[in-house]
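Visitor: Got target29.cif for you, mmCIF, C-alpha atoms:
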```
data_start
#
loop_
_atom_site.group_PDB
_atom_site.id
_atom_site.type_symbol
_atom_site.label_atom_id
_atom_site.label_comp_id
_atom_site.auth_asym_id
_atom_site.auth_seq_id
_atom_site.Cartn_x
_atom_site.Cartn_y
_atom_site.Cartn_z
ATOM 1 C CA MET A 1 40.577 4.377 21.420
ATOM 2 C CA ALA A 2 36.975 5.594 21.143
ATOM 3 C CA ARG A 3 34.255 3.053 21.706
ATOM 4 C CA PRO A 4 31.943 2.555 18.706
ATOM 5 C CA ARG A 5 28.478 4.032 19.143
ATOM 6 C CA PRO A 6 25.655 1.466 19.319
ATOM 7 C CA THR A 7 23.511 0.960 16.244
ATOM 8 C CA MET A 8 19.854 1.883 16.663
ATOM 9 C CA ARG A 9 16.856 0.742 14.632
ATOM 10 C CA ILE A 10 14.166 3.348 13.986
ATOM 11 C CA ALA A 11 10.674 2.740 12.599
ATOM 12 C CA LEU A 12 8.928 5.493 10.654
ATOM 13 C CA GLY A 13 5.314 6.142 9.689
ATOM 14 C CA ILE A 14 5.283 7.876 6.301
ATOM 15 C CA GLU A 15 2.432 9.566 4.433
ATOM 16 C CA TYR A 16 2.794 10.379 0.740
ATOM 17 C CA ASP A 17 1.016 11.528 -2.371
ATOM 18 C CA GLY A 18 2.236 9.109 -5.013
ATOM 19 C CA SER A 19 1.033 11.057 -8.043
ATOM 20 C CA ARG A 20 4.411 12.740 -8.638
ATOM 21 C CA PHE A 21 6.608 9.699 -7.939
ATOM 22 C CA HIS A 22 7.491 6.545 -9.839
ATOM 23 C CA GLY A 23 6.515 4.369 -6.900
ATOM 24 C CA TRP A 24 8.228 3.604 -3.614
ATOM 25 C CA GLN A 25 11.299 1.651 -4.736
ATOM 26 C CA ARG A 26 14.525 3.490 -5.459
ATOM 27 C CA LEU A 27 15.285 3.856 -9.185
ATOM 28 C CA SER A 28 18.345 5.217 -10.932
ATOM 29 C CA HIS A 29 16.363 7.070 -13.605
ATOM 30 C CA ALA A 30 13.287 8.489 -11.833
ATOM 31 C CA SER A 31 12.083 10.150 -8.628
ATOM 32 C CA THR A 32 10.797 7.721 -5.982
ATOM 33 C CA VAL A 33 9.553 7.950 -2.413
ATOM 34 C CA GLN A 34 12.333 5.729 -1.055
ATOM 35 C CA ALA A 35 15.049 7.850 -2.620
ATOM 36 C CA GLU A 36 13.574 11.060 -1.190
ATOM 37 C CA VAL A 37 13.219 9.560 2.296
ATOM 38 C CA GLU A 38 16.757 8.164 2.280
ATOM 39 C CA ALA A 39 18.214 11.481 1.149
ATOM 40 C CA ALA A 40 16.370 13.370 3.891
ATOM 41 C CA LEU A 41 17.373 10.909 6.616
ATOM 42 C CA GLY A 42 20.939 10.889 5.347
ATOM 43 C CA PHE A 43 21.084 14.637 5.837
ATOM 44 C CA VAL A 44 19.845 14.266 9.426
ATOM 45 C CA ALA A 45 22.281 11.429 10.168
ATOM 46 C CA ALA A 46 25.183 13.018 8.288
ATOM 47 C CA ALA A 47 25.707 9.554 6.804
ATOM 48 C CA PRO A 48 24.058 7.339 4.164
ATOM 49 C CA ILE A 49 20.780 5.734 5.273
ATOM 50 C CA ALA A 50 18.956 2.774 3.681
ATOM 51 C CA VAL A 51 15.296 2.156 4.526
ATOM 52 C CA GLN A 52 13.124 -0.943 4.154
ATOM 53 C CA CYS A 53 9.344 -0.628 3.897
ATOM 54 C CA ALA A 54 6.309 -2.753 4.726
ATOM 55 C CA GLY A 55 5.056 -2.896 1.154
ATOM 56 C CA ARG A 56 6.296 -1.283 -2.044
ATOM 57 C CA THR A 57 3.745 0.826 -3.901
ATOM 58 C CA ASP A 58 3.531 1.463 -7.646
ATOM 59 C CA ALA A 59 3.755 4.766 -9.479
ATOM 60 C CA GLY A 60 0.722 6.909 -8.678
ATOM 61 C CA VAL A 61 -0.271 4.952 -5.541
ATOM 62 C CA HIS A 62 -0.600 6.886 -2.280
ATOM 63 C CA ALA A 63 -0.007 5.961 1.368
ATOM 64 C CA VAL A 64 -1.677 7.022 4.604
ATOM 65 C CA CYS A 65 0.883 5.283 6.808
ATOM 66 C CA GLN A 66 3.641 3.376 5.078
ATOM 67 C CA VAL A 67 5.968 1.900 7.688
ATOM 68 C CA ALA A 68 9.711 1.709 7.105
ATOM 69 C CA HIS A 69 12.758 1.051 9.269
ATOM 70 C CA PHE A 70 16.443 1.910 9.128
ATOM 71 C CA ASP A 71 19.589 1.312 11.156
ATOM 72 C CA THR A 72 21.934 4.075 12.245
ATOM 73 C CA ASP A 73 24.636 4.880 14.784
ATOM 74 C CA ALA A 74 23.694 8.573 14.708
ATOM 75 C CA GLN A 75 22.262 9.641 18.046
ATOM 76 C CA ARG A 76 19.077 11.645 17.445
ATOM 77 C CA PRO A 77 15.832 11.792 19.449
ATOM 78 C CA PRO A 78 12.710 10.456 17.690
ATOM 79 C CA ARG A 79 11.400 13.992 17.184
ATOM 80 C CA GLY A 80 14.731 14.941 15.650
ATOM 81 C CA TRP A 81 14.431 12.209 13.016
ATOM 82 C CA MET A 82 10.829 13.193 12.242
ATOM 83 C CA MET A 83 11.265 16.960 12.082
ATOM 84 C CA GLY A 84 14.704 16.831 10.520
ATOM 85 C CA ALA A 85 13.529 14.559 7.712
ATOM 86 C CA ASN A 86 10.422 16.668 7.096
ATOM 87 C CA SER A 87 12.549 19.787 6.755
ATOM 88 C CA ARG A 88 14.263 18.150 3.750
ATOM 89 C CA LEU A 89 11.379 16.236 2.184
ATOM 90 C CA PRO A 90 9.125 17.557 -0.591
ATOM 91 C CA HIS A 91 5.645 18.471 0.609
ATOM 92 C CA ALA A 92 4.228 15.337 -1.053
ATOM 93 C CA ILE A 93 5.990 13.188 1.608
ATOM 94 C CA THR A 94 5.681 13.512 5.382
ATOM 95 C CA VAL A 95 7.229 11.487 8.194
ATOM 96 C CA ARG A 96 4.357 11.289 10.682
ATOM 97 C CA TRP A 97 6.230 9.565 13.518
ATOM 98 C CA ALA A 98 9.552 7.958 14.425
ATOM 99 C CA VAL A 99 9.850 5.225 17.064
ATOM 100 C CA PRO A 100 12.989 3.375 18.264
ATOM 101 C CA VAL A 101 12.405 -0.374 17.940
ATOM 102 C CA ASP A 102 14.143 -3.605 18.848
ATOM 103 C CA ALA A 103 16.769 -4.841 16.399
ATOM 104 C CA GLY A 104 14.525 -7.810 15.607
ATOM 105 C CA PHE A 105 11.824 -5.595 14.093
ATOM 106 C CA SER A 106 11.365 -5.605 10.328
ATOM 107 C CA ALA A 107 8.894 -3.288 8.626
ATOM 108 C CA ARG A 108 8.275 -5.994 6.051
ATOM 109 C CA HIS A 109 8.636 -9.322 7.831
ATOM 110 C CA SER A 110 7.105 -8.340 11.194
ATOM 111 C CA ALA A 111 3.837 -7.160 9.584
ATOM 112 C CA ARG A 112 0.853 -9.488 10.021
ATOM 113 C CA ALA A 113 -1.466 -7.630 7.658
ATOM 114 C CA ARG A 114 -1.583 -4.885 5.065
ATOM 115 C CA ARG A 115 -4.554 -2.685 4.182
ATOM 116 C CA TYR A 116 -5.505 -0.860 0.983
ATOM 117 C CA SER A 117 -8.451 1.248 -0.102
ATOM 118 C CA TYR A 118 -9.563 1.861 -3.692
ATOM 119 C CA ARG A 119 -11.860 4.814 -4.535
ATOM 120 C CA ILE A 120 -14.094 4.907 -7.610
ATOM 121 C CA LEU A 121 -16.034 8.037 -8.565
ATOM 122 C CA ASN A 122 -19.267 6.659 -10.046
ATOM 123 C CA ARG A 123 -21.102 9.349 -11.990
ATOM 124 C CA PRO A 124 -21.718 10.228 -15.653
ATOM 125 C CA VAL A 125 -19.087 12.993 -15.853
ATOM 126 C CA ARG A 126 -15.361 12.876 -15.165
ATOM 127 C CA PRO A 127 -13.804 14.460 -12.058
ATOM 128 C CA SER A 128 -11.790 17.651 -11.849
ATOM 129 C CA LEU A 129 -11.254 17.745 -8.080
ATOM 130 C CA GLN A 130 -9.276 14.861 -6.538
ATOM 131 C CA ARG A 131 -8.694 13.276 -9.945
ATOM 132 C CA ASP A 132 -5.278 12.064 -8.738
ATOM 133 C CA TYR A 133 -6.856 10.179 -5.815
ATOM 134 C CA LEU A 134 -9.658 8.188 -7.422
ATOM 135 C CA THR A 135 -10.628 6.536 -10.668
ATOM 136 C CA TRP A 136 -13.782 7.239 -12.662
ATOM 137 C CA GLU A 137 -16.544 4.907 -13.806
ATOM 138 C CA ARG A 138 -19.368 6.588 -15.742
ATOM 139 C CA LEU A 139 -21.763 3.601 -15.812
ATOM 140 C CA PRO A 140 -23.815 2.877 -12.667
ATOM 141 C CA LEU A 141 -22.228 0.365 -10.287
ATOM 142 C CA ASP A 142 -24.066 -2.018 -7.974
ATOM 143 C CA ALA A 143 -21.817 -1.817 -4.916
ATOM 144 C CA GLN A 144 -23.802 -4.476 -3.050
ATOM 145 C CA ALA A 145 -23.334 -6.972 -5.884
ATOM 146 C CA MET A 146 -19.611 -6.179 -5.932
ATOM 147 C CA HIS A 147 -19.413 -6.739 -2.175
ATOM 148 C CA ARG A 148 -21.190 -10.094 -2.360
ATOM 149 C CA ALA A 149 -18.969 -11.229 -5.214
ATOM 150 C CA ALA A 150 -15.796 -10.187 -3.394
ATOM 151 C CA GLN A 151 -16.533 -12.445 -0.418
ATOM 152 C CA ALA A 152 -15.446 -15.434 -2.550
ATOM 153 C CA LEU A 153 -11.880 -14.189 -2.080
ATOM 154 C CA LEU A 154 -11.843 -14.489 1.716
ATOM 155 C CA GLY A 155 -9.414 -17.006 3.209
ATOM 156 C CA GLU A 156 -6.113 -18.421 2.007
ATOM 157 C CA HIS A 157 -5.975 -19.072 -1.726
ATOM 158 C CA ASP A 158 -3.742 -19.097 -4.766
ATOM 159 C CA PHE A 159 -4.338 -15.614 -6.219
ATOM 160 C CA SER A 160 -2.637 -16.253 -9.580
ATOM 161 C CA ALA A 161 -5.734 -14.901 -11.392
ATOM 162 C CA PHE A 162 -5.002 -11.472 -9.896
ATOM 163 C CA ARG A 163 -1.208 -11.497 -10.136
ATOM 164 C CA ALA A 164 0.770 -9.270 -12.511
ATOM 165 C CA ALA A 165 2.975 -11.032 -15.045
ATOM 166 C CA GLN A 166 6.043 -9.229 -13.673
ATOM 167 C CA CYS A 167 5.333 -10.246 -10.054
ATOM 168 C CA GLN A 168 8.501 -11.535 -8.366
ATOM 169 C CA ALA A 169 6.858 -13.304 -5.401
ATOM 170 C CA THR A 170 7.960 -16.918 -4.939
ATOM 171 C CA HIS A 171 4.352 -18.145 -4.758
ATOM 172 C CA ALA A 172 0.828 -16.781 -5.188
ATOM 173 C CA ARG A 173 -0.778 -17.993 -1.944
ATOM 174 C CA ARG A 174 -2.111 -15.166 0.191
ATOM 175 C CA GLU A 175 -4.666 -14.879 2.988
ATOM 176 C CA MET A 176 -7.448 -12.397 2.275
ATOM 177 C CA GLN A 177 -8.567 -11.355 5.756
ATOM 178 C CA ARG A 178 -11.201 -8.788 4.820
ATOM 179 C CA ILE A 179 -12.698 -7.296 1.680
ATOM 180 C CA ALA A 180 -15.640 -4.898 1.636
ATOM 181 C CA VAL A 181 -17.287 -2.778 -1.048
ATOM 182 C CA HIS A 182 -19.571 0.074 -0.073
ATOM 183 C CA ARG A 183 -21.025 3.248 -1.549
ATOM 184 C CA LEU A 184 -20.441 6.722 -0.094
ATOM 185 C CA GLY A 185 -22.527 9.123 -2.150
ATOM 186 C CA GLU A 186 -21.048 9.222 -5.640
ATOM 187 C CA GLU A 187 -18.085 7.058 -4.614
ATOM 188 C CA VAL A 188 -17.747 3.286 -4.470
ATOM 189 C CA VAL A 189 -14.955 2.246 -2.102
ATOM 190 C CA VAL A 190 -13.201 -1.135 -2.006
ATOM 191 C CA ASP A 191 -11.368 -1.876 1.266
ATOM 192 C CA VAL A 192 -9.076 -4.893 1.477
ATOM 193 C CA GLN A 193 -6.872 -6.469 4.135
ATOM 194 C CA ALA A 194 -4.579 -9.455 3.641
ATOM 195 C CA ASN A 195 -1.432 -10.871 5.176
ATOM 196 C CA ALA A 196 0.400 -9.731 2.026
ATOM 197 C CA PHE A 197 -0.356 -8.798 -1.572
ATOM 198 C CA LEU A 198 0.983 -9.795 -4.959
ATOM 199 C CA HIS A 199 2.074 -7.193 -7.511
ATOM 200 C CA HIS A 200 -1.054 -5.387 -8.827
ATOM 201 C CA MET A 201 -3.272 -7.774 -6.848
ATOM 202 C CA VAL A 202 -5.636 -5.114 -5.487
ATOM 203 C CA ARG A 203 -5.903 -3.292 -8.802
ATOM 204 C CA ASN A 204 -6.580 -6.555 -10.638
ATOM 205 C CA ILE A 205 -9.285 -7.497 -8.132
ATOM 206 C CA VAL A 206 -10.936 -4.096 -8.579
ATOM 207 C CA GLY A 207 -10.660 -4.453 -12.359
ATOM 208 C CA SER A 208 -12.589 -7.723 -12.085
ATOM 209 C CA LEU A 209 -15.215 -6.345 -9.693
ATOM 210 C CA LEU A 210 -16.116 -3.509 -12.052
ATOM 211 C CA PRO A 211 -17.773 -5.718 -14.729
ATOM 212 C CA ILE A 212 -19.840 -7.291 -11.942
ATOM 213 C CA GLY A 213 -20.849 -3.850 -10.691
ATOM 214 C CA ARG A 214 -21.890 -2.853 -14.215
ATOM 215 C CA GLY A 215 -23.975 -6.024 -14.560
ATOM 216 C CA GLU A 216 -21.769 -7.456 -17.315
ATOM 217 C CA LYS A 217 -20.679 -10.473 -15.261
ATOM 218 C CA PRO A 218 -22.514 -12.539 -12.609
ATOM 219 C CA GLU A 219 -21.509 -12.383 -8.949
ATOM 220 C CA THR A 220 -20.179 -15.939 -9.205
ATOM 221 C CA TRP A 221 -17.507 -14.773 -11.654
ATOM 222 C CA MET A 222 -15.049 -13.761 -8.924
ATOM 223 C CA GLY A 223 -15.000 -17.260 -7.470
ATOM 224 C CA GLU A 224 -14.607 -18.755 -10.932
ATOM 225 C CA LEU A 225 -11.636 -16.499 -11.652
ATOM 226 C CA LEU A 226 -10.008 -17.291 -8.309
ATOM 227 C CA HIS A 227 -10.221 -21.049 -8.763
ATOM 228 C CA GLY A 228 -9.280 -20.860 -12.454
ATOM 229 C CA ARG A 229 -5.954 -19.166 -11.577
ATOM 230 C CA ASP A 230 -5.753 -17.685 -15.087
ATOM 231 C CA ARG A 231 -4.846 -13.989 -15.202
ATOM 232 C CA THR A 232 -5.895 -13.725 -18.862
ATOM 233 C CA ARG A 233 -9.534 -14.449 -17.963
ATOM 234 C CA ALA A 234 -9.803 -11.751 -15.287
ATOM 235 C CA GLY A 235 -10.613 -8.074 -15.731
ATOM 236 C CA PRO A 236 -8.090 -5.394 -16.688
ATOM 237 C CA THR A 237 -5.808 -3.756 -14.128
ATOM 238 C CA ALA A 238 -7.569 -0.783 -12.518
ATOM 239 C CA LEU A 239 -5.779 2.565 -12.681
ATOM 240 C CA ALA A 240 -3.161 3.331 -10.024
ATOM 241 C CA GLN A 241 -4.468 6.692 -8.829
ATOM 242 C CA GLY A 242 -7.523 5.207 -7.141
ATOM 243 C CA LEU A 243 -5.381 3.123 -4.793
ATOM 244 C CA THR A 244 -4.127 4.133 -1.341
ATOM 245 C CA PHE A 245 -2.023 2.003 0.996
ATOM 246 C CA ILE A 246 -3.687 2.513 4.386
ATOM 247 C CA GLY A 247 -0.838 0.789 6.207
ATOM 248 C CA PRO A 248 0.418 -2.468 7.724
ATOM 249 C CA LEU A 249 -0.485 -3.998 11.084
ATOM 250 C CA TYR A 250 1.973 -5.374 13.677
ATOM 251 C CA PRO A 251 1.761 -7.269 16.974
ATOM 252 C CA GLU A 252 1.701 -5.136 20.126
ATOM 253 C CA GLN A 253 5.194 -6.308 21.137
ATOM 254 C CA TRP A 254 6.854 -3.761 18.838
ATOM 255 C CA GLY A 255 5.344 -0.749 20.614
ATOM 256 C CA LEU A 256 4.272 1.109 17.486
ATOM 257 C CA PRO A 257 1.408 3.643 17.288
ATOM 258 C CA ALA A 258 -2.145 2.290 17.540
ATOM 259 C CA GLU A 259 -2.940 2.904 13.856
ATOM 260 C CA VAL A 260 -0.482 0.153 12.835
ATOM 261 C CA THR A 261 -0.966 -2.202 15.782
ATOM 262 C CA LEU A 262 -3.241 -5.228 15.888
#
```
Translate the structure described by the file into structure tokens.
Guide:
Amino acid sequence: MARPRPTMRIALGIEYDGSRFHGWQRLSHASTVQAEVEAALGFVAAAPIAVQCAGRTDAGVHAVCQVAHFDTDAQRPPRGWMMGANSRLPHAITVRWAVPVDAGFSARHSARARRYSYRILNRPVRPSLQRDYLTWERLPLDAQAMHRAAQALLGEHDFSAFRAAQCQATHARREMQRIAVHRLGEEVVVDVQANAFLHHMVRNIVGSLLPIGRGEKPETWMGELLHGRDRTRAGPTALAQGLTFIGPLYPEQWGLPAEVTL
């Protein structure tokens, strides 16, 4: 009787352009990043594969290094998983690396932080180039005022004011570890890092920073919104295409590449 092959756990770093997909999570009626990745890995494994990711992204949101993991008893070298999957994936998705990990690793639960960046083109006329990777604000923005206002969000708080109505998280407490707003030429960039995010949390924060940048609201407004915990008082949800998931961060013990290691 043949001995069963041992199950391995593999972690992947995945880059994708979200503009052509209906988000990360597998759907029965639309194309998603998860479904494409699972189909490609299944071809390499010659068996069904299910992946779990560090943080699900919405339709139109991009990723520099989404991390996912899967279990398999198929024996393939790390390069085989990476190159084999890429040979089957659409060009909008790329597996950047594959690393065998301990069975205790979880792309979601082992992460200690997640990072996003939101790009705003701030000029009088709309963009033609890179219009799928940034949003447009025609009125002048005061990036320094936005940065000062955003510092009210640092620390652990109830972020109900910036939580989507359809959010399925069990509670709204999150730890905002870093938030910075800066100008790069015609762009205003919002960088955020937290232990975890609520559904639409980053886009709702950006949507509330924009009125401050335009001078329509005082800098103190962000703190008032945070402590009021009322989503209906905050700004509108910023568009998805300006948002990119930079990636999660993990303790060194998991032996992942430096870009996702604390």
Visitor: Write out as a PyMOL selection string the residues lying within 6 Å of Thr261 in chain A, counting only C-alpha atoms and excluding same-chain residues fewer than 4 positions away.
Guide: chain A and resi 249-252
Visitor: Excluding range 61-69 of chain A and its own-chain neighbours fewer than 2 positions away, which residues fall within 8 Å of it when counting all atoms listed in the file? Please give them as a PyMOL selection string.
Guide: chain A and resi 9-19+23+51-55+57-59+71+96+106-108+133+240-248
Visitor: Looking at all atoms listed in the file, which of A:Asp102, A:Asp142, A:Glu38, A:Asp191 is the one that sits closest to Tyr116 in chain A?
Guide: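 Selected residue with least distance to Tyr116 in chain A: A:Asp191.
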Visitor: How many Å lie between CA of Trp24 in chain A and CA of Met176 in chain A, rounded to one decimal?
Guide: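 So the two atoms, CA of Trp24 in chain A and CA of Met176 in chain A, lie 23.2 Å apart.
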Visitor: Given the choices A:Ala238, A:Val95, A:Leu256, A:Ala47, which gets closest to Arg79 in chain A if the distance is worked out from only C-alpha atoms?
Guide: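 Distance minimum relative to Arg79 in chain A lands on A:Val95.
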Visitor: Could you give me, as a list in words, the residues within 6 Å of Arg26 in chain A, counting only C-alpha atoms and dropping anything in the same chain fewer than 5 positions from it?
Guide: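 Surrounding residues, per the criterion: Thr32, Gln34 and Ala35 of chain A.
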Visitor: I need the residues from that last selection saved to file as a short mmCIF file (atom, residue, chain, number, x, y, z; two decimals), in the frame of the given file (with C-alpha atoms), if you can.
Guide:
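Saved result, part19.cif, follows:
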```
data_model
loop_
_atom_site.label_atom_id
_atom_site.label_comp_id
_atom_site.auth_asym_id
_atom_site.auth_seq_id
_atom_site.Cartn_x
_atom_site.Cartn_y
_atom_site.Cartn_z
CA THR A 32 10.80 7.72 -5.98
CA GLN A 34 12.33 5.73 -1.06
CA ALA A 35 15.05 7.85 -2.62
#
```
Visitor: How many Å lie between CA of Phe197 in chain A and CA of Glu219 in chain A, rounded to one decimal?
Guide: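 Spanning CA of Phe197 in chain A to CA of Glu219 in chain A is a straight-line distance of 22.7 Å.
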Visitor: Let me make sure I understand: among A:Glu186, A:Asp230, A:Ala194, A:Leu141, which one has the smallest atom-to-atom distance to Glu156 in chain A if we use all atoms listed in the file?
Guide: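 Result for the nearest residue to Glu156 in chain A: A:Ala194.
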Visitor: Around (-18.5, -2.2, -19.2), as given in the file, which residues come within 12 Å? Count all atoms listed in the file and list them as a PyMOL selection string.
Guide: chain A and resi 137-141+207-217+235-236
Visitor: Could you dump the residues just selected with C-alpha atoms as a short mmCIF file (atom, residue, chain, number, x, y, z; two decimals), keeping the file's coordinate frame?
Guide:
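Contents of out-v2.cif, freshly written:
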```cif
data_model
loop_
_atom_site.label_atom_id
_atom_site.label_comp_id
_atom_site.auth_asym_id
_atom_site.auth_seq_id
_atom_site.Cartn_x
_atom_site.Cartn_y
_atom_site.Cartn_z
CA GLU A 137 -16.54 4.91 -13.81
CA ARG A 138 -19.37 6.59 -15.74
CA LEU A 139 -21.76 3.60 -15.81
CA PRO A 140 -23.82 2.88 -12.67
CA LEU A 141 -22.23 0.36 -10.29
CA GLY A 207 -10.66 -4.45 -12.36
CA SER A 208 -12.59 -7.72 -12.08
CA LEU A 209 -15.22 -6.34 -9.69
CA LEU A 210 -16.12 -3.51 -12.05
CA PRO A 211 -17.77 -5.72 -14.73
CA ILE A 212 -19.84 -7.29 -11.94
CA GLY A 213 -20.85 -3.85 -10.69
CA ARG A 214 -21.89 -2.85 -14.22
CA GLY A 215 -23.98 -6.02 -14.56
CA GLU A 216 -21.77 -7.46 -17.32
CA LYS A 217 -20.68 -10.47 -15.26
CA GLY A 235 -10.61 -8.07 -15.73
CA PRO A 236 -8.09 -5.39 -16.69
#
```
Visitor: Could you tell me how far CA of Glu36 in chain A sits from CA of Ser87 in chain A, in Å to one decimal place?
Guide: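 According to the coordinates, CA of Ser87 in chain A and CA of Glu36 in chain A are separated by 11.8 Å.
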Visitor: May I have the protein, DNA and RNA residues with any atom at most 12 Å from the point (-13.6, 15.9, -3.3), counting all atoms listed in the file, written as a PyMOL selection string?
Guide: chain A and resi 119-121+127-134+184-187
Visitor: Just write the chosen residues, C-alpha atoms, as an mmCIF file, in the coordinates of the input.
Guide:
```
data_model
loop_
_atom_site.group_PDB
_atom_site.id
_atom_site.type_symbol
_atom_site.label_atom_id
_atom_site.label_comp_id
_atom_site.auth_asym_id
_atom_site.auth_seq_id
_atom_site.Cartn_x
_atom_site.Cartn_y
_atom_site.Cartn_z
ATOM 1 C CA ARG A 119 -11.860 4.814 -4.535
ATOM 2 C CA ILE A 120 -14.094 4.907 -7.610
ATOM 3 C CA LEU A 121 -16.034 8.037 -8.565
ATOM 4 C CA PRO A 127 -13.804 14.460 -12.058
ATOM 5 C CA SER A 128 -11.790 17.651 -11.849
ATOM 6 C CA LEU A 129 -11.254 17.745 -8.080
ATOM 7 C CA GLN A 130 -9.276 14.861 -6.538
ATOM 8 C CA ARG A 131 -8.694 13.276 -9.945
ATOM 9 C CA ASP A 132 -5.278 12.064 -8.738
ATOM 10 C CA TYR A 133 -6.856 10.179 -5.815
ATOM 11 C CA LEU A 134 -9.658 8.188 -7.422
ATOM 12 C CA LEU A 184 -20.441 6.722 -0.094
ATOM 13 C CA GLY A 185 -22.527 9.123 -2.150
ATOM 14 C CA GLU A 186 -21.048 9.222 -5.640
ATOM 15 C CA GLU A 187 -18.085 7.058 -4.614
#
```
Visitor: Just say which residues the PyMOL selection byres ((chain A and resi 83) around 10) picks in this file, as number ranges by chain.
Guide: A: 44, 78-82, 84-89, 94-98
Visitor: Skip Ala180 in chain A itself and residues of its chain fewer than 5 positions away, then list as a PyMOL selection string all residues within 7 Å of it, counting all atoms listed in the file.
Guide: chain A and resi 147+190-192
Visitor: Which neighbours of Ser160 in chain A fall inside 12 Å, counting only C-alpha atoms, when residues of the same chain fewer than 5 positions from it are skipped, and could you give them as an MDAnalysis selection string?
Guide: chainID A and resid 165:167 169:174 197:201 204:205 225:234
Visitor: Which residues, named as in the file, does the PyMOL selection byres ((chain A and resi 148) around 10) pick out? Answer as a list of chain:residue names.
Guide: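 So the PyMOL selection byres ((chain A and resi 148) around 10), applied here, picks out A:Ala143, A:Gln144, A:Ala145, A:Met146, A:His147, A:Ala149, A:Ala150, A:Gln151, A:Ala152, A:Ile179, A:Ala180, A:Val181, A:Glu219, A:Thr220, A:Met222.
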Visitor: For the residues in that selection, give me C-alpha atoms as a PDB file, in the coordinates of the input.
Guide:
```
ATOM      1  CA  ALA A 143     -21.817  -1.817  -4.916  1.00  0.00           C
ATOM      2  CA  GLN A 144     -23.802  -4.476  -3.050  1.00  0.00           C
ATOM      3  CA  ALA A 145     -23.334  -6.972  -5.884  1.00  0.00           C
ATOM      4  CA  MET A 146     -19.611  -6.179  -5.932  1.00  0.00           C
ATOM      5  CA  HIS A 147     -19.413  -6.739  -2.175  1.00  0.00           C
ATOM      6  CA  ALA A 149     -18.969 -11.229  -5.214  1.00  0.00           C
ATOM      7  CA  ALA A 150     -15.796 -10.187  -3.394  1.00  0.00           C
ATOM      8  CA  GLN A 151     -16.533 -12.445  -0.418  1.00  0.00           C
ATOM      9  CA  ALA A 152     -15.446 -15.434  -2.550  1.00  0.00           C
ATOM     10  CA  ILE A 179     -12.698  -7.296   1.680  1.00  0.00           C
ATOM     11  CA  ALA A 180     -15.640  -4.898   1.636  1.00  0.00           C
ATOM     12  CA  VAL A 181     -17.287  -2.778  -1.048  1.00  0.00           C
ATOM     13  CA  GLU A 219     -21.509 -12.383  -8.949  1.00  0.00           C
ATOM     14  CA  THR A 220     -20.179 -15.939  -9.205  1.00  0.00           C
ATOM     15  CA  MET A 222     -15.049 -13.761  -8.924  1.00  0.00           C
TER      16      MET A 222
END
```
Visitor: Could you check the closest approach to Gly60 in chain A for each of A:Arg115, A:Arg203, A:His182, A:Arg20 and tell me which residue wins, using all atoms listed in the file?
Guide: A:Arg20
Visitor: Select, from A:Ile49, A:Val37, A:Val188, A:Val99, the residue with the minimum atom-to-atom distance to Gly255 in chain A, counting all atoms listed in the file.
Guide: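 For Gly255 in chain A, the nearest of the given residues is A:Val99.
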Visitor: My structure is short of atoms at range 223-233 of chain A; please model N, CA and C atoms there, returning them as a PDB file, in the coordinates of the input.
Guide:
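As written to disk, result_4.pdb reads:
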```pdb
ATOM      1  N   GLY A 223     -15.417 -15.942  -7.923  1.00  0.00           N
ATOM      2  CA  GLY A 223     -15.000 -17.260  -7.470  1.00  0.00           C
ATOM      3  C   GLY A 223     -14.462 -18.109  -8.604  1.00  0.00           C
ATOM      4  N   GLU A 224     -15.077 -17.995  -9.767  1.00  0.00           N
ATOM      5  CA  GLU A 224     -14.607 -18.755 -10.932  1.00  0.00           C
ATOM      6  C   GLU A 224     -13.200 -18.317 -11.334  1.00  0.00           C
ATOM      7  N   LEU A 225     -12.971 -17.010 -11.324  1.00  0.00           N
ATOM      8  CA  LEU A 225     -11.636 -16.499 -11.652  1.00  0.00           C
ATOM      9  C   LEU A 225     -10.605 -16.992 -10.642  1.00  0.00           C
ATOM     10  N   LEU A 226     -10.936 -16.881  -9.367  1.00  0.00           N
ATOM     11  CA  LEU A 226     -10.008 -17.291  -8.309  1.00  0.00           C
ATOM     12  C   LEU A 226      -9.585 -18.736  -8.492  1.00  0.00           C
ATOM     13  N   HIS A 227     -10.537 -19.621  -8.676  1.00  0.00           N
ATOM     14  CA  HIS A 227     -10.221 -21.049  -8.763  1.00  0.00           C
ATOM     15  C   HIS A 227      -9.618 -21.420 -10.112  1.00  0.00           C
ATOM     16  N   GLY A 228      -9.878 -20.593 -11.144  1.00  0.00           N
ATOM     17  CA  GLY A 228      -9.280 -20.860 -12.454  1.00  0.00           C
ATOM     18  C   GLY A 228      -7.806 -20.500 -12.519  1.00  0.00           C
ATOM     19  N   ARG A 229      -7.366 -19.558 -11.680  1.00  0.00           N
ATOM     20  CA  ARG A 229      -5.954 -19.166 -11.577  1.00  0.00           C
ATOM     21  C   ARG A 229      -5.360 -18.685 -12.903  1.00  0.00           C
ATOM     22  N   ASP A 230      -6.197 -18.115 -13.757  1.00  0.00           N
ATOM     23  CA  ASP A 230      -5.753 -17.685 -15.087  1.00  0.00           C
ATOM     24  C   ASP A 230      -5.919 -16.169 -15.192  1.00  0.00           C
ATOM     25  N   ARG A 231      -4.811 -15.455 -15.160  1.00  0.00           N
ATOM     26  CA  ARG A 231      -4.846 -13.989 -15.202  1.00  0.00           C
ATOM     27  C   ARG A 231      -5.503 -13.483 -16.488  1.00  0.00           C
ATOM     28  N   THR A 232      -5.374 -14.208 -17.584  1.00  0.00           N
ATOM     29  CA  THR A 232      -5.895 -13.725 -18.862  1.00  0.00           C
ATOM     30  C   THR A 232      -7.417 -13.701 -18.907  1.00  0.00           C
ATOM     31  N   ARG A 233      -8.072 -14.412 -17.994  1.00  0.00           N
ATOM     32  CA  ARG A 233      -9.534 -14.449 -17.963  1.00  0.00           C
ATOM     33  C   ARG A 233     -10.120 -13.349 -17.090  1.00  0.00           C
TER      34      ARG A 233
END
```
